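This report concerns only the one structure given below.
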Amino acid sequence: MKPVDKSTVVRALTEMSQYLQLKGENSFKTRAYDIAAERIQGTTEDLAALAAAGKLTSLPGIGESIATKIADLVTTGKMTALEDIKAQYPPRILELLTVQDLGPKKAKALFESLGVGSLDELEAACRDNRVRDLKGFGQKTQEKLLAGLELARRSMAAGGRKRLGDVMPQAEALLDFIKRAPGVKRASLGGSVRRMKETVADVDLIASAEEPAPVFAHFLTFLQISEVIGSGESKTSIRLKETDLQVDLRVLPDEDFASALHHFTGSKGHHIRLRGMALEKNLTISEWGVFRMAEDADAPKKGTAKHEGAQEKLRIREEKDLYALLGMQYVPPELREDAGEIEAALAHALPTDLVSAEDLQGNVHSHSTWSDGRNSLEEMVLAAKAMGFKYFTVTEHSQTSNYAGGLKIDDLKRQWDEIDALQEKVKGITLLKGIESDILEDGSLDYPDSVLEQLDVVIGSIHQRYSQDEDAMTKRVLNAFDNPHLHIWGHPTGRLLLKRDAAPMRMDEILDKAAKKGIVIEVNGCPERMDLKSEHVRMALQRGLKLSLSTDAHSVDELRSHVPWALASARRGWARKSDVINAGDLKAFRAAITRR
Ligand SMILES: [Zn+2]
Ligand SMILES: [Zn+2]
């Protein structure tokens, strides 16, 4: 038998609690399992050894009855009591508890009255209005459950991950809230959110204060909290409404802030490398700080607060101090993935001019009410001007995209008249005539050359027939690059985060040809796209390709709100200001899209 690890025990205890709640057992009994799960999670003891010695009850919070069940699991690989209770229910019933607003009481009612035992059955029952008619439910609850169901499915499919763009507004609101807590000196987001990964599993917040308790008390008054998962001396975890996101807040003395922030920003791969390098310099790095070791000491074990063997705690005021100790350049959070940044930082060859929001001078990809946008062209242009953009490229959908109000040739010509009239009226921003032309199945664009050649900027994008195989898709894109009027390859892989995978294509071959033909690669800032992904951005840059950072805005609001997601992909792909065509002035932009 494979030894049973701690997480299996924790999961079994949690499931026991859930099943007992479904049965309607009293909360005193079910809470005991939750508490036991929490305690086991926190223990560093060897459970198998304790079980063998009959000493599981020496752990705080573990009574005789639960100890017997844990012993059963760690010695036989099965918890008989859990298997017995599971057998009384449909196999997927616990799925129901992943739906927001659906607690064990409601789940019990749904199962006992309607036989609902899975998400699919819950959906069917809602659609037939059987849930609405159930006592204690009603129309409103039914609607809530349907919405929650959709969310639960999406996060299940993604292993609980969520899109960065969906998470960030709440995360930032929470950070602002924490900064206003009594006694807070510094506060920051950490984890994959800070590294701007396109999907994230949870949110880490790190704050410094002399007294953590008032900060945690303030944290728990945040209105969007649906559940308090746990709280300890230095950490409190909650779940948020709407996004159903777990947030861990850690509060530490200010002297530990930078090293804790660094620790909880990750990534794991990046840290492991740094810790190894530190050991060679007789240093240890952990969430508790950086220590210089005595010559013959062991590295401190996790959970030992005193750091036996540590001689001296070093002062880490900012994260950059930590890198400096290791003889490295500061590594921006977006680059901390152990993808070559450590070698580059050691050689002091890391780019120090990664593209930033202030660099962007032009908006290159946008839609208005001429196609499927929500604001008029004039509103879009005035908003772009107010944001400080110096040029603005009008790129509606093309005639094949009739589902998106694509423009026929006549429409396009009428739009040129409006653009000319608008340019007369609005000064201080240059309007460029463009199009987002569909790349058809065979790789051709959907306007004749005689039309394309009159445009300042032609973006070619795939919008239909994503089901082609890798070979057909690759050829389709390669053919499109042969069109001499194409300037920019729009949202290249067509991926929709958590919904649709990137279209299969041979990216090496495609980027090689783009480099040969002088095609610019778009990094699309729609939060559901973030396309191209950062690995491919790096591949493009290694070939000397230029990037267009686009908002693909369909409204005035998106002109602003989509910028961070384009920047995130570009920066994670190591893009510098000089790699981005709309980070230059109009003259440089025009030169950059000139085809070879
Ligand atoms: Zn598009
Ligand atoms: Zn578009």
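If you're wondering about the labels, chains in the structure tokens are A, B, ... by order shown, residues count from 1 in each chain, ligands from 1 in order shown.
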Next on the checklist: as a PyMOL selection string, please: the residues near Trp416 (chain A) (cut-off 9 Å, only C-alpha atoms, same-chain neighbours under 5 positions excluded).
Outcome noted: chain A and resi 411+421+433
What are the closest atom pairs, with distances in Å to one decimal, for each residue of chain A lying within 7 Å of ligand 1, using only C-alpha atoms and all ligand atoms, rows by chain and rising residue number, as JSON lines?
{"residue": "A:Glu436", "atom": "CA", "partner": "ligand 1", "partner_atom_place_in_ligand_line": "1 (Zn)", "distance": 6.7}
{"residue": "A:Ser461", "atom": "CA", "partner": "ligand 1", "partner_atom_place_in_ligand_line": "1 (Zn)", "distance": 5.8}
{"residue": "A:His463", "atom": "CA", "partner": "ligand 1", "partner_atom_place_in_ligand_line": "1 (Zn)", "distance": 6.3}
{"residue": "A:Gly490", "atom": "CA", "partner": "ligand 1", "partner_atom_place_in_ligand_line": "1 (Zn)", "distance": 6.7}
{"residue": "A:His491", "atom": "CA", "partner": "ligand 1", "partner_atom_place_in_ligand_line": "1 (Zn)", "distance": 6.6}
Just C-alpha atoms for this one: save the residues we selected as a compact mmCIF listing (two decimals), in the first residue's frame.
# COMPACT_ATOMS: atom_id res chain seq x y z
CA GLU A 436 -9.79 43.99 -38.94
CA SER A 461 -7.62 37.92 -37.74
CA HIS A 463 -12.78 34.57 -36.49
CA GLY A 490 -4.59 39.94 -34.84
CA HIS A 491 -5.32 37.81 -31.72
Per residue of chain A within 7 Å of ligand 2, note the shortest atom pair and the distance in Å to one decimal, counting only C-alpha atoms and all ligand atoms, and order the rows by chain and increasing residue number, as a tab-separated table.
residue	atom	partner	partner_atom_place_in_ligand_line	distance
A:His365	CA	ligand 2	1 (Zn)	6.3
A:Ser366	CA	ligand 2	1 (Zn)	6.1
A:His367	CA	ligand 2	1 (Zn)	6.5
A:Glu396	CA	ligand 2	1 (Zn)	7.0
A:His397	CA	ligand 2	1 (Zn)	6.7
A:Glu436	CA	ligand 2	1 (Zn)	6.3
A:Asp552	CA	ligand 2	1 (Zn)	4.8
I'd like a table as JSON lines: residues in region 226-344 of chain A with an atom no more than 10 Å from region 562-584 of chain A, each row giving the shortest atom pair and its distance in Å to one decimal, only C-alpha atoms counted, sorted by chain and rising residue number.
{"residue": "A:Pro332", "atom": "CA", "partner": "A:Arg571", "partner_atom": "CA", "distance": 9.3}
{"residue": "A:Pro333", "atom": "CA", "partner": "A:Arg572", "partner_atom": "CA", "distance": 8.9}
{"residue": "A:Glu334", "atom": "CA", "partner": "A:Arg572", "partner_atom": "CA", "distance": 5.1}
{"residue": "A:Leu335", "atom": "CA", "partner": "A:Arg572", "partner_atom": "CA", "distance": 5.7}
{"residue": "A:Arg336", "atom": "CA", "partner": "A:Arg572", "partner_atom": "CA", "distance": 8.8}
{"residue": "A:Glu337", "atom": "CA", "partner": "A:Arg572", "partner_atom": "CA", "distance": 9.1}
{"residue": "A:Glu341", "atom": "CA", "partner": "A:Trp574", "partner_atom": "CA", "distance": 9.4}
Taking all heavy atoms for each residue, export the selection above as a tab-separated table (two decimals), in the first residue's frame.
chain	number	residue	atom	x	y	z
A	332	PRO	N	11.63	41.78	-12.02
A	332	PRO	CA	10.22	42.19	-11.89
A	332	PRO	C	9.33	40.95	-11.71
A	332	PRO	O	9.64	39.89	-12.25
A	332	PRO	CB	9.91	42.88	-13.22
A	332	PRO	CG	11.22	43.21	-13.83
A	332	PRO	CD	12.20	42.20	-13.31
A	333	PRO	N	8.24	41.08	-10.94
A	333	PRO	CA	7.39	39.92	-10.64
A	333	PRO	C	6.94	39.14	-11.88
A	333	PRO	O	6.92	37.91	-11.85
A	333	PRO	CB	6.17	40.54	-9.94
A	333	PRO	CG	6.65	41.82	-9.38
A	333	PRO	CD	7.75	42.30	-10.26
A	334	GLU	N	6.62	39.83	-12.95
A	334	GLU	CA	6.11	39.14	-14.15
A	334	GLU	C	7.13	38.17	-14.74
A	334	GLU	O	6.78	37.30	-15.52
A	334	GLU	CB	5.74	40.15	-15.25
A	334	GLU	CG	4.61	41.08	-14.92
A	334	GLU	CD	5.11	42.43	-14.47
A	334	GLU	OE1	6.10	42.48	-13.70
A	334	GLU	OE2	4.51	43.44	-14.88
A	335	LEU	N	8.40	38.36	-14.39
A	335	LEU	CA	9.45	37.54	-15.00
A	335	LEU	C	9.89	36.38	-14.11
A	335	LEU	O	10.74	35.58	-14.48
A	335	LEU	CB	10.68	38.43	-15.30
A	335	LEU	CG	10.78	39.04	-16.70
A	335	LEU	CD1	9.47	39.65	-17.15
A	335	LEU	CD2	11.88	40.07	-16.76
A	336	ARG	N	9.29	36.27	-12.92
A	336	ARG	CA	9.78	35.27	-11.95
A	336	ARG	C	9.18	33.89	-12.22
A	336	ARG	O	8.31	33.43	-11.50
A	336	ARG	CB	9.45	35.72	-10.52
A	336	ARG	CG	10.14	37.03	-10.16
A	336	ARG	CD	9.79	37.46	-8.74
A	336	ARG	NE	10.17	38.86	-8.52
A	336	ARG	CZ	9.79	39.57	-7.49
A	336	ARG	NH1	9.03	39.02	-6.55
A	336	ARG	NH2	10.16	40.83	-7.38
A	337	GLU	N	9.64	33.25	-13.27
A	337	GLU	CA	9.08	31.95	-13.65
A	337	GLU	C	10.16	30.90	-13.87
A	337	GLU	O	9.88	29.84	-14.39
A	337	GLU	CB	8.23	32.10	-14.94
A	337	GLU	CG	7.05	33.04	-14.82
A	337	GLU	CD	5.94	32.53	-13.89
A	337	GLU	OE1	5.95	31.33	-13.53
A	337	GLU	OE2	5.07	33.34	-13.52
A	341	GLU	N	15.26	34.01	-16.42
A	341	GLU	CA	15.45	35.34	-15.81
A	341	GLU	C	16.57	35.33	-14.77
A	341	GLU	O	17.21	36.36	-14.55
A	341	GLU	CB	14.13	35.83	-15.19
A	341	GLU	CG	13.73	35.23	-13.84
A	341	GLU	CD	13.10	33.85	-13.97
A	341	GLU	OE1	13.10	33.32	-15.08
A	341	GLU	OE2	12.64	33.30	-12.95
Next on the checklist: According to DSSP computed on the backbone, where in region 350-443 of chain A is there strand (DSSP E)? Give the residues as JSON, numbers by chain.
Outcome noted: {"A": [362, 363, 391, 392, 393, 394, 395, 396, 397, 430, 431, 432, 433, 434, 435, 436, 437, 438]}
Next, write the just-selected residues to a file, as a short mmCIF file (atom, residue, chain, number, x, y, z; two decimals), in the first residue's frame, keeping all heavy atoms as the atom set.
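What ended up in selection01.cif:
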data_model
loop_
_atom_site.label_atom_id
_atom_site.label_comp_id
_atom_site.auth_asym_id
_atom_site.auth_seq_id
_atom_site.Cartn_x
_atom_site.Cartn_y
_atom_site.Cartn_z
N GLY A 362 -0.26 55.07 -29.13
CA GLY A 362 -1.35 54.90 -30.09
C GLY A 362 -2.25 53.74 -29.72
O GLY A 362 -1.82 52.77 -29.10
N ASN A 363 -3.54 53.86 -30.08
CA ASN A 363 -4.47 52.75 -29.94
C ASN A 363 -4.71 52.17 -31.34
O ASN A 363 -5.15 52.88 -32.24
CB ASN A 363 -5.79 53.20 -29.34
CG ASN A 363 -6.71 52.03 -29.04
OD1 ASN A 363 -6.68 51.46 -27.97
ND2 ASN A 363 -7.51 51.64 -30.02
N TYR A 391 -2.35 58.78 -31.67
CA TYR A 391 -2.99 58.30 -32.90
C TYR A 391 -3.95 57.17 -32.58
O TYR A 391 -3.83 56.51 -31.54
CB TYR A 391 -1.97 57.89 -33.96
CG TYR A 391 -0.84 57.00 -33.49
CD1 TYR A 391 -0.90 55.62 -33.65
CD2 TYR A 391 0.30 57.55 -32.90
CE1 TYR A 391 0.14 54.80 -33.23
CE2 TYR A 391 1.35 56.74 -32.48
CZ TYR A 391 1.26 55.37 -32.63
OH TYR A 391 2.29 54.56 -32.20
N PHE A 392 -4.89 57.00 -33.49
CA PHE A 392 -6.00 56.08 -33.22
C PHE A 392 -6.36 55.41 -34.54
O PHE A 392 -6.66 56.06 -35.51
CB PHE A 392 -7.20 56.88 -32.70
CG PHE A 392 -8.37 56.02 -32.31
CD1 PHE A 392 -8.53 55.56 -31.01
CD2 PHE A 392 -9.36 55.69 -33.24
CE1 PHE A 392 -9.62 54.79 -30.65
CE2 PHE A 392 -10.45 54.91 -32.88
CZ PHE A 392 -10.59 54.46 -31.59
N THR A 393 -6.29 54.09 -34.55
CA THR A 393 -6.58 53.35 -35.77
C THR A 393 -7.98 52.77 -35.70
O THR A 393 -8.31 52.04 -34.77
CB THR A 393 -5.56 52.22 -35.96
OG1 THR A 393 -4.26 52.78 -35.96
CG2 THR A 393 -5.79 51.51 -37.26
N VAL A 394 -8.81 53.13 -36.67
CA VAL A 394 -10.18 52.63 -36.71
C VAL A 394 -10.17 51.27 -37.42
O VAL A 394 -9.84 51.19 -38.60
CB VAL A 394 -11.07 53.61 -37.50
CG1 VAL A 394 -12.53 53.14 -37.45
CG2 VAL A 394 -10.92 55.02 -36.96
N THR A 395 -10.49 50.21 -36.71
CA THR A 395 -10.46 48.87 -37.33
C THR A 395 -11.74 48.11 -37.02
O THR A 395 -11.80 47.38 -36.03
CB THR A 395 -9.26 48.04 -36.82
OG1 THR A 395 -9.31 48.00 -35.39
CG2 THR A 395 -7.94 48.62 -37.26
N GLU A 396 -12.75 48.29 -37.85
CA GLU A 396 -14.01 47.55 -37.63
C GLU A 396 -13.84 46.13 -38.16
O GLU A 396 -12.84 45.79 -38.78
CB GLU A 396 -15.15 48.24 -38.40
CG GLU A 396 -15.31 49.71 -38.11
CD GLU A 396 -15.77 50.04 -36.69
OE1 GLU A 396 -16.08 49.11 -35.92
OE2 GLU A 396 -15.78 51.24 -36.36
N HIS A 397 -14.88 45.34 -37.94
CA HIS A 397 -14.91 44.00 -38.51
C HIS A 397 -15.15 44.11 -40.02
O HIS A 397 -15.73 45.07 -40.50
CB HIS A 397 -15.99 43.15 -37.86
CG HIS A 397 -15.63 42.73 -36.47
ND1 HIS A 397 -14.62 41.83 -36.21
CD2 HIS A 397 -16.12 43.11 -35.26
CE1 HIS A 397 -14.52 41.67 -34.89
NE2 HIS A 397 -15.41 42.44 -34.30
N THR A 430 -4.24 61.80 -34.35
CA THR A 430 -4.31 61.47 -35.77
C THR A 430 -5.13 60.20 -35.97
O THR A 430 -4.89 59.20 -35.30
CB THR A 430 -2.90 61.26 -36.35
OG1 THR A 430 -2.13 62.43 -36.08
CG2 THR A 430 -2.95 61.01 -37.85
N LEU A 431 -6.11 60.28 -36.86
CA LEU A 431 -6.95 59.11 -37.14
C LEU A 431 -6.41 58.36 -38.34
O LEU A 431 -6.10 58.97 -39.38
CB LEU A 431 -8.39 59.56 -37.42
CG LEU A 431 -9.02 60.41 -36.32
CD1 LEU A 431 -10.49 60.70 -36.64
CD2 LEU A 431 -8.92 59.72 -34.97
N LEU A 432 -6.28 57.06 -38.18
CA LEU A 432 -5.81 56.22 -39.27
C LEU A 432 -6.95 55.31 -39.71
O LEU A 432 -7.72 54.84 -38.87
CB LEU A 432 -4.62 55.38 -38.81
CG LEU A 432 -3.39 56.17 -38.34
CD1 LEU A 432 -2.35 55.23 -37.75
CD2 LEU A 432 -2.78 56.97 -39.48
N LYS A 433 -7.03 55.10 -41.03
CA LYS A 433 -8.08 54.22 -41.54
C LYS A 433 -7.57 52.79 -41.56
O LYS A 433 -6.54 52.50 -42.15
CB LYS A 433 -8.47 54.66 -42.95
CG LYS A 433 -9.17 56.01 -42.97
CD LYS A 433 -9.30 56.57 -44.37
CE LYS A 433 -9.90 57.96 -44.28
NZ LYS A 433 -9.41 58.85 -45.34
N GLY A 434 -8.33 51.93 -40.90
CA GLY A 434 -7.90 50.53 -40.85
C GLY A 434 -9.07 49.58 -40.93
O GLY A 434 -10.22 49.99 -41.08
N ILE A 435 -8.75 48.31 -40.82
CA ILE A 435 -9.78 47.27 -40.83
C ILE A 435 -9.25 46.06 -40.07
O ILE A 435 -8.03 45.85 -40.01
CB ILE A 435 -10.14 46.85 -42.29
CG1 ILE A 435 -11.44 46.05 -42.33
CG2 ILE A 435 -9.02 46.04 -42.94
CD1 ILE A 435 -12.68 46.88 -42.14
N GLU A 436 -10.15 45.31 -39.45
CA GLU A 436 -9.79 43.99 -38.94
C GLU A 436 -10.40 42.99 -39.92
O GLU A 436 -11.57 42.65 -39.83
CB GLU A 436 -10.32 43.74 -37.52
CG GLU A 436 -9.89 42.38 -36.99
CD GLU A 436 -10.43 42.07 -35.58
OE1 GLU A 436 -11.32 42.77 -35.10
OE2 GLU A 436 -9.94 41.08 -35.00
N SER A 437 -9.59 42.59 -40.87
CA SER A 437 -10.10 41.75 -41.96
C SER A 437 -10.03 40.27 -41.57
O SER A 437 -9.04 39.82 -40.99
CB SER A 437 -9.26 42.00 -43.22
OG SER A 437 -9.71 41.19 -44.27
N ASP A 438 -11.08 39.54 -41.89
CA ASP A 438 -11.07 38.10 -41.62
C ASP A 438 -10.03 37.40 -42.48
O ASP A 438 -9.91 37.69 -43.67
CB ASP A 438 -12.44 37.49 -41.93
CG ASP A 438 -13.36 37.56 -40.72
OD1 ASP A 438 -13.32 38.59 -40.02
OD2 ASP A 438 -14.10 36.59 -40.49
#
Item to check | Polymer residues at most 12 Å from Met387 (chain A), only C-alpha atoms, same-chain spacing of 4 or more positions, as number ranges by chain | outcome: A: 357-358, 360-363, 380-383, 391-392, 428-429, 556-561, 563
Next on the checklist: Taking only C-alpha atoms into account, name the residue in A:Phe216, A:Pro527, A:Arg250, A:Ala514 that is nearest to Met168 (chain A).
Outcome noted: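 Checking each of A:Phe216, A:Pro527, A:Arg250, A:Ala514 against Met168 (chain A), counting only C-alpha atoms, the winner is A:Pro527.
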Next on the checklist: Taking 3 positions as the minimum chain separation for residues in the same chain, which residues sit within 9 Å of Asp482 (chain A) when counting only C-alpha atoms? Answer as a ChimeraX atom specification.
Outcome noted: /A:443-444,478-479,485-486,517
Pull N, CA and C atoms from the residues just selected and write them as a compact mmCIF listing (two decimals), in the first residue's frame.
# COMPACT_ATOMS: atom_id res chain seq x y z
N GLY A 443 -6.78 31.38 -46.25
CA GLY A 443 -5.73 32.34 -45.94
C GLY A 443 -5.87 33.68 -46.65
N SER A 444 -6.89 33.81 -47.49
CA SER A 444 -7.06 35.11 -48.15
C SER A 444 -7.80 36.07 -47.21
N LEU A 478 0.10 31.09 -42.93
CA LEU A 478 1.26 31.35 -43.81
C LEU A 478 0.79 32.01 -45.11
N ASN A 479 -0.32 31.54 -45.66
CA ASN A 479 -0.86 32.15 -46.88
C ASN A 479 -1.24 33.60 -46.65
N HIS A 485 -0.73 43.39 -48.34
CA HIS A 485 -1.41 44.49 -47.64
C HIS A 485 -1.61 44.23 -46.16
N LEU A 486 -1.35 43.01 -45.74
CA LEU A 486 -1.52 42.68 -44.31
C LEU A 486 -0.38 43.29 -43.49
N LYS A 517 8.64 38.28 -43.64
CA LYS A 517 7.72 39.14 -44.38
C LYS A 517 7.46 40.48 -43.70
Item to check | From A:Val228, A:Leu174, A:Val251, A:Val458, residue lying nearest Ala213 (chain A) [only C-alpha atoms] | outcome: A:Val251
Which polymer residues have any atom within 10 Å of an atom of Lys106 (chain A), counting only C-alpha atoms, with same-chain residues fewer than 3 positions away left out, as a PDB file with all heavy atoms, in the first residue's frame?
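File around_17.pdb, as written:
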ATOM      1  N   LEU A  22     -24.936  16.632   4.976  1.00  0.00           N
ATOM      2  CA  LEU A  22     -26.005  16.230   4.052  1.00  0.00           C
ATOM      3  C   LEU A  22     -27.022  15.342   4.761  1.00  0.00           C
ATOM      4  O   LEU A  22     -28.214  15.386   4.465  1.00  0.00           O
ATOM      5  CB  LEU A  22     -25.419  15.454   2.866  1.00  0.00           C
ATOM      6  CG  LEU A  22     -24.785  16.258   1.746  1.00  0.00           C
ATOM      7  CD1 LEU A  22     -24.205  15.313   0.700  1.00  0.00           C
ATOM      8  CD2 LEU A  22     -25.802  17.181   1.087  1.00  0.00           C
ATOM      9  N   LEU A  96     -22.504  19.530  -5.596  1.00  0.00           N
ATOM     10  CA  LEU A  96     -23.526  20.541  -5.303  1.00  0.00           C
ATOM     11  C   LEU A  96     -22.997  21.606  -4.354  1.00  0.00           C
ATOM     12  O   LEU A  96     -23.341  22.775  -4.459  1.00  0.00           O
ATOM     13  CB  LEU A  96     -24.767  19.880  -4.684  1.00  0.00           C
ATOM     14  CG  LEU A  96     -25.516  18.883  -5.566  1.00  0.00           C
ATOM     15  CD1 LEU A  96     -26.707  18.312  -4.805  1.00  0.00           C
ATOM     16  CD2 LEU A  96     -25.991  19.548  -6.852  1.00  0.00           C
ATOM     17  N   LEU A  97     -22.133  21.186  -3.433  1.00  0.00           N
ATOM     18  CA  LEU A  97     -21.646  22.121  -2.424  1.00  0.00           C
ATOM     19  C   LEU A  97     -20.624  23.105  -2.990  1.00  0.00           C
ATOM     20  O   LEU A  97     -20.203  24.030  -2.310  1.00  0.00           O
ATOM     21  CB  LEU A  97     -21.040  21.354  -1.240  1.00  0.00           C
ATOM     22  CG  LEU A  97     -22.012  20.396  -0.539  1.00  0.00           C
ATOM     23  CD1 LEU A  97     -21.319  19.669   0.594  1.00  0.00           C
ATOM     24  CD2 LEU A  97     -23.238  21.136  -0.012  1.00  0.00           C
ATOM     25  N   ASP A 101     -24.075  29.811  -2.661  1.00  0.00           N
ATOM     26  CA  ASP A 101     -25.431  29.890  -2.105  1.00  0.00           C
ATOM     27  C   ASP A 101     -26.108  28.527  -1.976  1.00  0.00           C
ATOM     28  O   ASP A 101     -27.314  28.455  -1.804  1.00  0.00           O
ATOM     29  CB  ASP A 101     -26.339  30.816  -2.936  1.00  0.00           C
ATOM     30  CG  ASP A 101     -25.825  32.236  -2.953  1.00  0.00           C
ATOM     31  OD1 ASP A 101     -25.458  32.733  -1.872  1.00  0.00           O
ATOM     32  OD2 ASP A 101     -25.782  32.841  -4.037  1.00  0.00           O
ATOM     33  N   LEU A 102     -25.360  27.466  -2.129  1.00  0.00           N
ATOM     34  CA  LEU A 102     -25.966  26.146  -1.958  1.00  0.00           C
ATOM     35  C   LEU A 102     -25.231  25.412  -0.833  1.00  0.00           C
ATOM     36  O   LEU A 102     -24.195  24.799  -1.046  1.00  0.00           O
ATOM     37  CB  LEU A 102     -25.896  25.354  -3.270  1.00  0.00           C
ATOM     38  CG  LEU A 102     -26.488  23.939  -3.259  1.00  0.00           C
ATOM     39  CD1 LEU A 102     -27.899  23.936  -2.715  1.00  0.00           C
ATOM     40  CD2 LEU A 102     -26.501  23.363  -4.667  1.00  0.00           C
ATOM     41  N   GLY A 103     -25.779  25.534   0.372  1.00  0.00           N
ATOM     42  CA  GLY A 103     -25.179  24.871   1.525  1.00  0.00           C
ATOM     43  C   GLY A 103     -25.739  23.466   1.694  1.00  0.00           C
ATOM     44  O   GLY A 103     -26.596  23.037   0.926  1.00  0.00           O
ATOM     45  N   ALA A 109     -32.191  19.053   0.907  1.00  0.00           N
ATOM     46  CA  ALA A 109     -33.574  19.182   0.435  1.00  0.00           C
ATOM     47  C   ALA A 109     -33.676  18.813  -1.043  1.00  0.00           C
ATOM     48  O   ALA A 109     -34.609  18.119  -1.472  1.00  0.00           O
ATOM     49  CB  ALA A 109     -34.064  20.610   0.668  1.00  0.00           C
ATOM     50  N   LEU A 110     -32.712  19.291  -1.833  1.00  0.00           N
ATOM     51  CA  LEU A 110     -32.748  19.020  -3.284  1.00  0.00           C
ATOM     52  C   LEU A 110     -32.619  17.520  -3.548  1.00  0.00           C
ATOM     53  O   LEU A 110     -33.292  16.977  -4.418  1.00  0.00           O
ATOM     54  CB  LEU A 110     -31.598  19.763  -3.983  1.00  0.00           C
ATOM     55  CG  LEU A 110     -31.785  21.274  -4.129  1.00  0.00           C
ATOM     56  CD1 LEU A 110     -30.472  21.935  -4.535  1.00  0.00           C
ATOM     57  CD2 LEU A 110     -32.871  21.582  -5.163  1.00  0.00           C
ATOM     58  N   PHE A 111     -31.756  16.869  -2.780  1.00  0.00           N
ATOM     59  CA  PHE A 111     -31.560  15.432  -2.982  1.00  0.00           C
ATOM     60  C   PHE A 111     -32.791  14.646  -2.514  1.00  0.00           C
ATOM     61  O   PHE A 111     -33.313  13.800  -3.246  1.00  0.00           O
ATOM     62  CB  PHE A 111     -30.309  14.955  -2.229  1.00  0.00           C
ATOM     63  CG  PHE A 111     -30.137  13.463  -2.252  1.00  0.00           C
ATOM     64  CD1 PHE A 111     -29.928  12.796  -3.456  1.00  0.00           C
ATOM     65  CD2 PHE A 111     -30.216  12.706  -1.083  1.00  0.00           C
ATOM     66  CE1 PHE A 111     -29.785  11.411  -3.489  1.00  0.00           C
ATOM     67  CE2 PHE A 111     -30.073  11.331  -1.107  1.00  0.00           C
ATOM     68  CZ  PHE A 111     -29.862  10.676  -2.320  1.00  0.00           C
ATOM     69  N   GLU A 112     -33.275  14.987  -1.334  1.00  0.00           N
ATOM     70  CA  GLU A 112     -34.362  14.184  -0.769  1.00  0.00           C
ATOM     71  C   GLU A 112     -35.689  14.407  -1.479  1.00  0.00           C
ATOM     72  O   GLU A 112     -36.474  13.476  -1.649  1.00  0.00           O
ATOM     73  CB  GLU A 112     -34.476  14.447   0.734  1.00  0.00           C
ATOM     74  CG  GLU A 112     -33.328  13.761   1.483  1.00  0.00           C
ATOM     75  CD  GLU A 112     -33.237  14.152   2.955  1.00  0.00           C
ATOM     76  OE1 GLU A 112     -34.081  14.935   3.418  1.00  0.00           O
ATOM     77  OE2 GLU A 112     -32.288  13.659   3.622  1.00  0.00           O
ATOM     78  N   GLY A 136     -39.245  26.685   0.428  1.00  0.00           N
ATOM     79  CA  GLY A 136     -38.041  27.342   0.925  1.00  0.00           C
ATOM     80  C   GLY A 136     -37.073  27.770  -0.187  1.00  0.00           C
ATOM     81  O   GLY A 136     -35.996  28.284   0.091  1.00  0.00           O
ATOM     82  N   PHE A 137     -37.438  27.567  -1.450  1.00  0.00           N
ATOM     83  CA  PHE A 137     -36.537  27.939  -2.549  1.00  0.00           C
ATOM     84  C   PHE A 137     -37.058  29.169  -3.297  1.00  0.00           C
ATOM     85  O   PHE A 137     -36.655  30.277  -2.992  1.00  0.00           O
ATOM     86  CB  PHE A 137     -36.319  26.745  -3.486  1.00  0.00           C
ATOM     87  CG  PHE A 137     -35.314  25.766  -2.943  1.00  0.00           C
ATOM     88  CD1 PHE A 137     -35.662  24.878  -1.931  1.00  0.00           C
ATOM     89  CD2 PHE A 137     -34.017  25.748  -3.405  1.00  0.00           C
ATOM     90  CE1 PHE A 137     -34.738  23.979  -1.403  1.00  0.00           C
ATOM     91  CE2 PHE A 137     -33.077  24.859  -2.878  1.00  0.00           C
ATOM     92  CZ  PHE A 137     -33.449  23.975  -1.889  1.00  0.00           C
TER      93      PHE A 137
END
Checklist entry - What is the CA of Arg153 (chain A) to CA of Ile225 (chain A) distance in Å? => result 20.9 Å
